[in-house]
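Structure file input31.txt; described as compact mmCIF, C-alpha atoms.
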```txt
# COMPACT_ATOMS: atom_id res chain seq x y z
CA MET A 15 0.00 0.00 0.00
CA ILE A 16 2.83 2.41 0.70
CA SER A 17 4.94 4.09 -1.97
CA ARG A 18 8.65 3.90 -2.66
CA ARG A 19 8.98 7.39 -1.23
CA ASN A 20 7.50 6.13 2.03
CA ILE A 21 9.95 3.23 1.95
CA ARG A 22 12.86 5.62 1.52
CA VAL A 23 11.70 7.46 4.63
CA LYS A 24 11.62 4.19 6.59
CA VAL A 25 15.11 3.25 5.38
CA MET A 26 16.31 6.76 6.29
CA GLN A 27 14.86 6.36 9.79
CA THR A 28 16.55 2.98 10.15
CA LEU A 29 19.94 4.29 9.05
CA TYR A 30 19.57 7.20 11.46
CA THR A 31 18.81 4.77 14.29
CA ILE A 32 21.89 2.72 13.40
CA GLU A 33 23.99 5.89 13.26
CA ALA A 34 22.73 6.90 16.70
CA VAL A 35 24.10 3.68 18.23
CA ASP A 36 27.45 4.02 16.38
CA HIS A 37 26.82 1.00 14.16
CA THR A 38 26.91 -1.36 17.14
CA THR A 39 24.04 -3.47 15.81
CA LYS A 40 24.37 -7.23 15.53
CA PRO A 41 24.22 -8.99 12.14
CA GLY A 42 20.65 -9.05 10.90
CA GLU A 43 19.49 -6.54 13.49
CA GLU A 44 19.41 -3.72 10.94
CA VAL A 45 16.64 -5.39 8.94
CA LYS A 46 14.72 -6.01 12.17
CA ILE A 47 14.93 -2.29 12.96
CA LEU A 48 13.57 -1.52 9.48
CA ASP A 49 10.77 -4.05 9.89
CA ASN A 50 9.91 -2.51 13.25
CA HIS A 51 9.66 0.98 11.73
CA LEU A 52 7.37 -0.37 9.02
CA GLU A 53 5.26 -2.26 11.54
CA GLN A 54 4.78 0.87 13.62
CA SER A 55 3.53 2.69 10.52
CA ARG A 56 1.12 -0.14 9.76
CA GLN A 57 -0.25 -0.01 13.29
CA LEU A 58 -0.70 3.75 13.02
CA PHE A 59 -2.68 3.34 9.80
CA VAL A 60 -4.91 0.71 11.38
CA TYR A 61 -5.50 2.98 14.37
CA LEU A 62 -6.49 5.96 12.21
CA VAL A 63 -8.97 3.90 10.19
CA TRP A 64 -10.39 2.37 13.37
CA PHE A 65 -10.66 5.79 15.07
CA LEU A 66 -12.52 7.23 12.09
CA THR A 67 -15.05 4.39 12.16
CA GLU A 68 -15.57 4.87 15.89
CA VAL A 69 -16.32 8.57 15.43
CA ALA A 70 -19.01 7.71 12.90
CA ARG A 71 -20.47 4.96 15.07
CA TYR A 72 -20.55 7.26 18.10
CA ALA A 73 -23.76 8.80 16.73
CA GLU A 74 -25.68 5.79 18.08
CA ILE A 75 -23.93 5.97 21.46
CA ASP A 76 -24.74 9.68 21.69
CA ALA A 77 -28.36 8.99 20.79
CA ARG A 78 -28.65 6.36 23.56
CA HIS A 79 -27.02 8.64 26.12
CA ARG A 80 -29.30 11.55 25.33
CA ALA A 81 -32.44 9.40 25.22
CA GLY A 82 -31.48 7.94 28.60
CA LYS A 83 -31.50 11.28 30.39
CA HIS A 84 -33.86 11.68 33.35
CA LEU A 85 -35.82 14.32 31.45
CA PRO A 86 -34.82 14.07 27.79
CA SER A 87 -35.81 16.92 25.52
CA PRO A 88 -37.47 16.37 22.15
CA GLU A 89 -34.05 16.97 20.58
CA ASP A 90 -32.56 14.31 22.85
CA LEU A 91 -35.11 11.82 21.62
CA SER A 92 -34.57 12.57 17.94
CA VAL A 93 -30.80 12.44 17.42
CA ASN A 94 -30.07 11.67 13.79
CA THR A 95 -27.84 8.60 13.50
CA LYS A 96 -27.56 8.52 9.72
CA ILE A 97 -23.75 8.53 9.79
CA ALA A 98 -23.69 5.31 11.81
CA GLY A 99 -25.26 3.61 8.81
CA ASN A 100 -22.91 5.26 6.32
CA THR A 101 -22.42 2.81 3.46
CA LEU A 102 -18.68 3.46 3.18
CA LEU A 103 -18.37 3.02 6.94
CA TRP A 104 -19.91 -0.43 6.71
CA THR A 105 -17.77 -1.35 3.74
CA ILE A 106 -14.83 -0.71 6.07
CA LEU A 107 -16.38 -2.46 9.06
CA GLU A 108 -17.07 -5.56 6.97
CA HIS A 109 -13.63 -5.49 5.35
CA GLY A 110 -12.10 -8.85 6.30
CA SER A 111 -8.53 -7.60 6.13
CA PHE A 112 -9.36 -4.63 8.38
CA LEU A 113 -11.12 -6.89 10.88
CA GLN A 114 -8.03 -9.11 11.04
CA ALA A 115 -5.83 -6.07 11.63
CA VAL A 116 -8.07 -4.81 14.44
CA ALA A 117 -8.07 -8.25 16.06
CA LYS A 118 -4.28 -8.31 15.91
CA ASP A 119 -3.45 -4.72 16.89
CA LYS A 120 -6.32 -4.06 19.30
CA PRO A 121 -6.49 -0.28 18.68
CA GLN A 122 -9.38 -0.14 21.14
CA LEU A 123 -6.86 -0.58 23.96
CA VAL A 124 -5.48 2.90 23.26
CA GLU A 125 -7.25 5.40 25.50
CA SER A 126 -9.28 7.10 22.79
CA GLY A 127 -12.79 7.39 24.23
CA ASP A 128 -12.64 11.07 25.08
CA TRP A 129 -11.17 11.90 21.69
CA ILE A 130 -13.82 9.93 19.80
CA ARG A 131 -16.55 11.74 21.71
CA LYS A 132 -14.91 15.14 21.26
CA ILE A 133 -14.41 14.77 17.50
CA TYR A 134 -17.96 13.49 17.05
CA HIS A 135 -19.50 16.44 18.92
CA ARG A 136 -17.41 18.86 16.88
CA LEU A 137 -18.62 17.10 13.74
CA ALA A 138 -22.26 17.33 14.84
CA GLU A 139 -21.97 21.12 15.07
CA THR A 140 -20.63 21.66 11.55
CA PRO A 141 -22.82 22.91 8.69
CA LEU A 142 -21.59 20.07 6.48
CA TYR A 143 -22.83 17.47 8.94
CA GLN A 144 -26.17 19.23 9.38
CA GLU A 145 -26.60 19.20 5.61
CA TYR A 146 -25.56 15.55 5.46
CA ILE A 147 -28.16 14.33 7.96
CA THR A 148 -31.00 16.29 6.36
CA VAL A 149 -30.59 14.39 3.08
CA GLN A 150 -32.46 11.09 3.29
CA GLU A 151 -30.83 9.49 0.27
CA ARG A 152 -27.41 7.91 0.52
CA ASP A 153 -25.14 9.24 -2.21
CA LYS A 154 -21.79 7.47 -2.74
CA ASP A 155 -19.83 10.70 -2.91
CA GLY A 156 -21.67 12.18 0.05
CA GLU A 157 -20.96 9.12 2.17
CA LYS A 158 -17.26 9.35 1.34
CA ASP A 159 -17.07 13.13 1.72
CA ILE A 160 -18.41 13.16 5.28
CA LEU A 161 -15.89 10.56 6.46
CA GLN A 162 -13.09 12.33 4.63
CA PHE A 163 -14.19 15.58 6.28
CA VAL A 164 -13.85 14.01 9.72
CA PHE A 165 -10.28 12.97 8.95
CA THR A 166 -8.97 15.99 7.05
CA ASP A 167 -10.89 18.81 8.77
CA LEU A 168 -11.46 17.60 12.32
CA MET A 169 -8.79 15.03 13.22
CA LEU A 170 -5.63 16.31 11.52
CA PRO A 171 -6.01 20.05 12.24
CA ASP A 172 -6.59 19.44 15.97
CA ASP A 173 -3.24 20.07 17.66
CA ASP A 174 -4.33 18.30 20.81
CA PHE A 175 -5.41 15.23 18.87
CA VAL A 176 -2.10 15.26 17.01
CA SER A 177 -0.34 15.40 20.39
CA HIS A 178 -2.34 12.30 21.33
CA LEU A 179 -1.07 10.57 18.17
CA GLU A 180 2.49 11.61 18.94
CA GLU A 181 2.24 10.09 22.41
CA GLN A 182 0.98 6.78 21.05
CA PHE A 183 3.05 6.57 17.85
CA VAL A 184 6.59 7.92 18.08
CA HIS A 185 7.01 8.25 14.29
CA TRP A 186 3.87 10.32 13.74
CA ASP A 187 5.83 13.38 12.57
CA ASP A 188 7.65 11.35 9.94
CA ASP A 189 4.54 9.40 8.93
CA ALA A 190 1.96 12.19 8.88
CA GLU A 191 2.15 12.86 5.13
CA MET A 192 2.17 9.15 4.32
CA MET A 193 -0.87 8.57 6.55
CA ASN A 194 -2.76 11.39 4.90
CA LEU A 195 -2.22 9.90 1.45
CA LEU A 196 -3.01 6.37 2.66
CA MET A 197 -6.23 7.43 4.33
CA LEU A 198 -7.46 9.44 1.36
CA GLY A 199 -6.64 6.57 -0.98
CA PHE A 200 -8.32 4.08 1.32
CA LEU A 201 -11.52 6.11 1.52
CA GLN A 202 -11.60 6.19 -2.29
CA LYS A 203 -11.13 2.44 -2.78
CA PRO A 204 -11.22 0.57 0.54
CA LYS A 205 -11.68 -2.85 -1.06
CA SER A 206 -8.35 -2.52 -2.88
CA TYR A 207 -6.42 -2.29 0.41
CA ASN A 208 -5.01 -5.32 2.18
CA PHE A 209 -3.97 -4.56 5.74
CA GLN A 210 -1.93 -7.77 5.81
CA GLU A 211 0.17 -6.55 2.87
CA PHE A 212 1.11 -3.08 4.04
CA LEU A 213 4.38 -3.31 2.13
CA GLY A 214 4.05 -6.05 -0.46
CA LYS A 215 6.72 -8.45 -1.68
CA GLU A 216 8.31 -6.24 -4.35
CA LYS A 217 8.47 -3.12 -2.20
CA GLY A 218 9.62 -5.14 0.79
CA GLN A 219 12.53 -6.40 -1.28
CA PHE A 220 13.34 -2.84 -2.36
CA ALA A 221 13.33 -1.63 1.25
CA ARG A 222 15.66 -4.36 2.49
CA GLU A 223 18.00 -4.13 -0.51
CA LEU A 224 18.30 -0.36 -0.21
CA LEU A 225 19.14 -0.65 3.47
CA GLU A 226 21.62 -3.48 2.96
CA THR A 227 23.27 -1.73 0.01
CA VAL A 228 23.95 1.46 1.99
CA LEU A 229 25.37 -0.56 4.87
CA ASP A 230 27.39 -3.02 2.79
CA LYS A 231 28.80 -0.37 0.43
CA GLU A 232 29.17 2.47 2.94
CA THR A 233 32.91 2.88 2.36
CA GLN A 234 32.47 3.05 -1.41
CA LEU A 235 29.59 5.50 -1.10
CA THR A 236 31.48 7.71 1.34
CA GLU A 237 34.51 7.80 -0.97
CA LEU A 238 32.31 9.12 -3.76
CA ILE A 239 30.66 11.76 -1.58
CA THR A 240 33.54 13.12 0.51
CA PRO A 241 35.63 14.73 -2.30
CA ARG A 242 32.60 16.77 -3.37
CA LEU A 243 32.09 18.37 -0.01
CA GLN A 244 34.78 20.95 -0.91
CA ASN A 245 35.03 23.34 2.03
CA TRP A 246 32.41 21.51 4.01
CA ASP A 247 33.58 19.66 7.10
CA ALA A 248 32.20 16.13 6.76
CA GLU A 249 31.95 15.90 10.54
CA ARG A 250 29.68 18.96 10.70
CA ILE A 251 27.31 18.08 7.87
CA ALA A 252 23.82 17.11 9.06
CA ILE A 253 23.65 13.38 9.69
CA LEU A 254 20.46 13.10 7.65
CA ASP A 255 22.11 14.85 4.70
CA MET A 256 24.90 12.26 4.66
CA ILE A 257 22.40 9.41 4.99
CA LEU A 258 20.27 10.74 2.12
CA MET A 259 23.32 11.26 -0.10
CA LYS A 260 24.49 7.71 0.57
CA MET A 261 21.03 6.38 -0.24
CA GLY A 262 20.87 8.41 -3.45
CA THR A 263 24.34 7.34 -4.54
CA ALA A 264 23.46 3.71 -3.78
CA GLU A 265 20.45 4.01 -6.08
CA PHE A 266 22.65 5.46 -8.83
CA LEU A 267 25.02 2.53 -8.68
CA PHE A 268 22.98 -0.49 -7.75
CA PHE A 269 19.30 -0.02 -8.64
CA ASP A 270 19.07 -0.22 -12.40
CA THR A 271 15.29 0.13 -12.67
CA ILE A 272 15.13 3.54 -10.99
CA PRO A 273 15.73 6.55 -13.30
CA THR A 274 18.45 8.86 -11.99
CA LYS A 275 16.15 11.89 -12.26
CA VAL A 276 13.63 10.17 -10.00
CA THR A 277 16.36 9.39 -7.47
CA ILE A 278 17.70 12.95 -7.38
CA ASN A 279 14.23 14.51 -7.09
CA GLU A 280 13.19 12.10 -4.33
CA TYR A 281 16.22 12.85 -2.16
CA ILE A 282 15.98 16.60 -2.73
CA ASP A 283 12.39 16.46 -1.43
CA LEU A 284 13.33 14.27 1.54
CA ALA A 285 16.22 16.57 2.45
CA LYS A 286 13.92 19.61 2.33
CA GLU A 287 11.31 17.93 4.48
CA TYR A 288 13.39 16.09 7.06
CA SER A 289 16.72 17.94 7.33
CA THR A 290 17.77 21.62 7.36
CA ALA A 291 16.52 24.55 5.31
CA GLN A 292 19.59 24.41 3.04
CA SER A 293 19.66 20.63 2.73
CA GLY A 294 17.61 20.32 -0.44
CA GLN A 295 19.97 22.50 -2.46
CA PHE A 296 23.03 20.91 -0.84
CA VAL A 297 21.95 17.31 -1.50
CA ASN A 298 20.93 18.27 -5.04
CA GLY A 299 24.38 19.69 -5.79
CA ILE A 300 26.28 16.71 -4.40
CA LEU A 301 24.15 14.04 -6.10
CA ASP A 302 24.15 15.91 -9.40
CA ASN A 303 27.98 16.14 -9.32
CA ILE A 304 28.32 12.45 -8.51
CA HIS A 305 25.94 11.55 -11.30
CA LYS A 306 27.85 13.63 -13.86
CA GLU A 307 31.24 12.24 -12.83
CA LEU A 308 30.02 8.66 -12.99
CA LEU A 309 28.70 9.30 -16.50
CA THR A 310 31.93 11.00 -17.63
CA ALA A 311 34.12 8.26 -16.18
CA GLY A 312 32.00 5.55 -17.74
CA ARG A 313 31.31 4.11 -14.30
CA PHE A 314 27.56 4.49 -14.47
CA HIS A 315 26.66 0.82 -14.81
CA LYS A 316 23.81 -0.07 -12.53
CA THR A 317 23.75 -3.59 -11.15
CA SER A 318 22.74 -5.42 -7.98
CA HIS A 319 25.15 -4.69 -5.14
CA LYS A 320 25.13 -8.43 -4.28
CA SER A 321 27.03 -9.20 -7.46
CA GLN A 322 29.95 -6.98 -6.54
```

Exercise: express the given structure as structure tokens:
Amino acid sequence: MISRRNIRVKVMQTLYTIEAVDHTTKPGEEVKILDNHLEQSRQLFVYLVWFLTEVARYAEIDARHRAGKHLPSPEDLSVNTKIAGNTLLWTILEHGSFLQAVAKDKPQLVESGDWIRKIYHRLAETPLYQEYITVQERDKDGEKDILQFVFTDLMLPDDDFVSHLEEQFVHWDDDAEMMNLLMLGFLQKPKSYNFQEFLGKEKGQFARELLETVLDKETQLTELITPRLQNWDAERIAILDMILMKMGTAEFLFFDTIPTKVTINEYIDLAKEYSTAQSGQFVNGILDNIHKELLTAGRFHKTSHKSQ
């Protein structure tokens, strides 16, 4: 389900973790760290989908609570629960893969009750929701739009809710963009998503090979990068910049199916987003110089790192 860009972020995180412990990992532990980062992202995605469904289903809980008051008002006795029967909601709730993921991850164990109630009540006060419940017919786009509205306009913009996510999922900051794209894609075509194949075989192989290549060929990659630092002190360059340049150079040399332009653009974007303000331009310059020299020297022959 996730893209190669997302995978690059996970590999970057893994290499940063390894760098933080001075490369003292045991053989095979690096891949386990990568798998753990990916698993945490999968759990976050499952939690966000589950949370969204619980907000929609809370309409029935709210209706029962209000009807159960000692002296319920007419409004208390006529709470509209249309969203609890949302057709897209029930496509998700009956999604076998999602049900397996919920059974495995148990997102309901996260203390979310107050947040579900709060987001629902904020939803109930919005003009869009009031318009939604006044329409008796169930329109496919309308059913999707209201759930998407909950996610994009009520959950994500709420700083306190985001703080809740950060407390529960340590990689939220790095995963936020990926989760936004995953959720929007899922709400468009939920049946096409398999929660048991968050990565997939081909992309899983790419993730592991990219990580292993950077680690196995670190000396070779560093030797290509260091001479181009000119007046820059290699010891003072941002750690993430060095990691991203090594990853980009590894793709130049050892991943023959990835166009060089794609590689350069991907790592420029990652440097801009995850490193310093100047990192995008810096990484661009270094990778572009390496690419040109490899072409000029006739060394630009991509092949699997395992064959060298």

Original post:
Nearest to Phe175 (chain A) among A:Gln162, A:Ser289, A:Ser126, A:Asn94, with distances taken over all atoms listed in the file: which residue is it?
Top reply: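 Nearest to Phe175 (chain A): A:Ser126.
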
Original post:
Given the choices A:Phe212, A:Trp186, A:Phe296, A:Tyr134, which gets closest to Ala77 (chain A) if the distance is worked out from all atoms listed in the file?
Top reply: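 Answer, going by the shortest atom-to-atom distance: A:Tyr134.
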
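What separates CA of Met259 (chain A) from CA of Val45 (chain A) is a distance of 20.1 Å.
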
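Distances from A:Ile251, A:Leu238, A:Val93, A:Ala291 to Phe266 (chain A) were compared using all atoms listed in the file, and the smallest one belongs to A:Leu238.
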
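With CA of Glu216 (chain A) on one side and CA of Thr31 (chain A) on the other, the separation reads 24.1 Å.
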
At a cut-off of 8 Å, can you tabulate as a tab-separated table every residue of region 92-129 of chain A near region 201-210 of chain A together with its closest atom pair and the distance in Å to one decimal, using all atoms listed in the file and ordering rows by chain then number?
```
residue	atom	partner	partner_atom	distance
A:Leu102	CA	A:Leu201	CA	7.8
A:Thr105	CA	A:Pro204	CA	7.5
A:Ile106	CA	A:Pro204	CA	6.7
A:His109	CA	A:Lys205	CA	7.2
A:Ser111	CA	A:Phe209	CA	5.5
A:Phe112	CA	A:Phe209	CA	6.0
A:Ala115	CA	A:Phe209	CA	6.4
```

Original post:
Near region 228-234 of chain A, counting all atoms listed in the file, which residues have an atom at most 12 Å away, once you skip same-chain residues fewer than 6 positions from it, shown as a ChimeraX atom specification?
Top reply: /A:22,25-26,28-30,32-33,37,39,41-42,44-45,221-222,240,256-269,318-322

Give me, as JSON lines, the closest atom pair and its distance (Å, one decimal) for every residue of region 58-101 of chain A within a cut-off of 12 Å of region 182-185 of chain A, counting all atoms listed in the file, rows sorted by chain and rising number.
```
{"residue": "A:Leu58", "atom": "CA", "partner": "A:Phe183", "partner_atom": "CA", "distance": 6.7}
{"residue": "A:Phe59", "atom": "CA", "partner": "A:Phe183", "partner_atom": "CA", "distance": 10.4}
{"residue": "A:Val60", "atom": "CA", "partner": "A:Phe183", "partner_atom": "CA", "distance": 11.8}
{"residue": "A:Tyr61", "atom": "CA", "partner": "A:Phe183", "partner_atom": "CA", "distance": 9.9}
{"residue": "A:Leu62", "atom": "CA", "partner": "A:Phe183", "partner_atom": "CA", "distance": 11.1}
```

With C-alpha atoms retained, write the just-selected residues as a PDB file, keeping the file's coordinate frame.
```
ATOM      1  CA  LEU A  58      -0.700   3.750  13.020  1.00  0.00           C
ATOM      2  CA  PHE A  59      -2.680   3.340   9.800  1.00  0.00           C
ATOM      3  CA  VAL A  60      -4.910   0.710  11.380  1.00  0.00           C
ATOM      4  CA  TYR A  61      -5.500   2.980  14.370  1.00  0.00           C
ATOM      5  CA  LEU A  62      -6.490   5.960  12.210  1.00  0.00           C
TER       6      LEU A  62
END
```

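The space between CA of Gly214 (chain A) and CA of Asp155 (chain A) spans 29.3 Å.
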
Subject >> Selected residue of minimal separation from Val23 (chain A) among A:Glu237, A:Glu68, A:Glu191, A:Glu226, counting all atoms listed in the file >> reply: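 Between A:Glu237, A:Glu68, A:Glu191, A:Glu226, the residue approaching Val23 (chain A) most closely is A:Glu191.
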
Where atoms are absent from region 73-98 of chain A, fill them in so it carries N, CA and C atoms, then output it as a compact mmCIF listing (two decimals), in the coordinates of the input.
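Written file, result.txt:
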```txt
# COMPACT_ATOMS: atom_id res chain seq x y z
N ALA A 73 -22.43 8.18 16.85
CA ALA A 73 -23.76 8.80 16.73
C ALA A 73 -24.80 7.97 17.48
N GLU A 74 -24.71 6.66 17.39
CA GLU A 74 -25.68 5.79 18.08
C GLU A 74 -25.46 5.82 19.59
N ILE A 75 -24.21 5.88 20.02
CA ILE A 75 -23.93 5.97 21.46
C ILE A 75 -24.47 7.28 22.00
N ASP A 76 -24.24 8.36 21.27
CA ASP A 76 -24.74 9.68 21.69
C ASP A 76 -26.26 9.68 21.76
N ALA A 77 -26.90 9.05 20.79
CA ALA A 77 -28.36 8.99 20.79
C ALA A 77 -28.88 8.24 22.02
N ARG A 78 -28.23 7.12 22.37
CA ARG A 78 -28.65 6.36 23.56
C ARG A 78 -28.45 7.16 24.85
N HIS A 79 -27.31 7.85 24.93
CA HIS A 79 -27.02 8.64 26.12
C HIS A 79 -28.06 9.75 26.30
N ARG A 80 -28.38 10.43 25.23
CA ARG A 80 -29.30 11.55 25.33
C ARG A 80 -30.72 11.06 25.59
N ALA A 81 -31.09 9.94 24.99
CA ALA A 81 -32.44 9.40 25.22
C ALA A 81 -32.58 8.87 26.64
N GLY A 82 -31.45 8.51 27.25
CA GLY A 82 -31.48 7.94 28.60
C GLY A 82 -31.45 8.96 29.72
N LYS A 83 -31.49 10.24 29.37
CA LYS A 83 -31.50 11.28 30.39
C LYS A 83 -32.77 11.17 31.25
N HIS A 84 -32.70 11.70 32.46
CA HIS A 84 -33.86 11.68 33.35
C HIS A 84 -35.04 12.41 32.73
N LEU A 85 -34.77 13.56 32.12
CA LEU A 85 -35.82 14.32 31.45
C LEU A 85 -35.34 14.71 30.05
N PRO A 86 -35.32 13.77 29.13
CA PRO A 86 -34.82 14.07 27.79
C PRO A 86 -35.72 15.06 27.06
N SER A 87 -35.07 15.94 26.32
CA SER A 87 -35.81 16.92 25.52
C SER A 87 -36.23 16.26 24.21
N PRO A 88 -37.12 16.92 23.46
CA PRO A 88 -37.47 16.37 22.15
C PRO A 88 -36.24 16.17 21.26
N GLU A 89 -35.29 17.10 21.36
CA GLU A 89 -34.05 16.97 20.58
C GLU A 89 -33.25 15.74 21.02
N ASP A 90 -33.27 15.48 22.34
CA ASP A 90 -32.56 14.31 22.85
C ASP A 90 -33.15 13.01 22.32
N LEU A 91 -34.42 13.04 22.07
CA LEU A 91 -35.11 11.82 21.62
C LEU A 91 -35.12 11.66 20.10
N SER A 92 -34.53 12.63 19.41
CA SER A 92 -34.57 12.57 17.94
C SER A 92 -33.19 12.83 17.32
N VAL A 93 -32.15 12.29 17.96
CA VAL A 93 -30.80 12.44 17.42
C VAL A 93 -30.69 11.66 16.11
N ASN A 94 -30.22 12.31 15.10
CA ASN A 94 -30.07 11.67 13.79
C ASN A 94 -28.81 10.80 13.78
N THR A 95 -28.97 9.54 13.49
CA THR A 95 -27.84 8.60 13.50
C THR A 95 -27.48 8.12 12.09
N LYS A 96 -27.80 8.92 11.11
CA LYS A 96 -27.56 8.52 9.72
C LYS A 96 -26.11 8.09 9.49
N ILE A 97 -25.15 8.81 10.06
CA ILE A 97 -23.75 8.53 9.79
C ILE A 97 -23.34 7.15 10.29
N ALA A 98 -24.02 6.65 11.30
CA ALA A 98 -23.69 5.31 11.81
C ALA A 98 -24.06 4.23 10.82
```
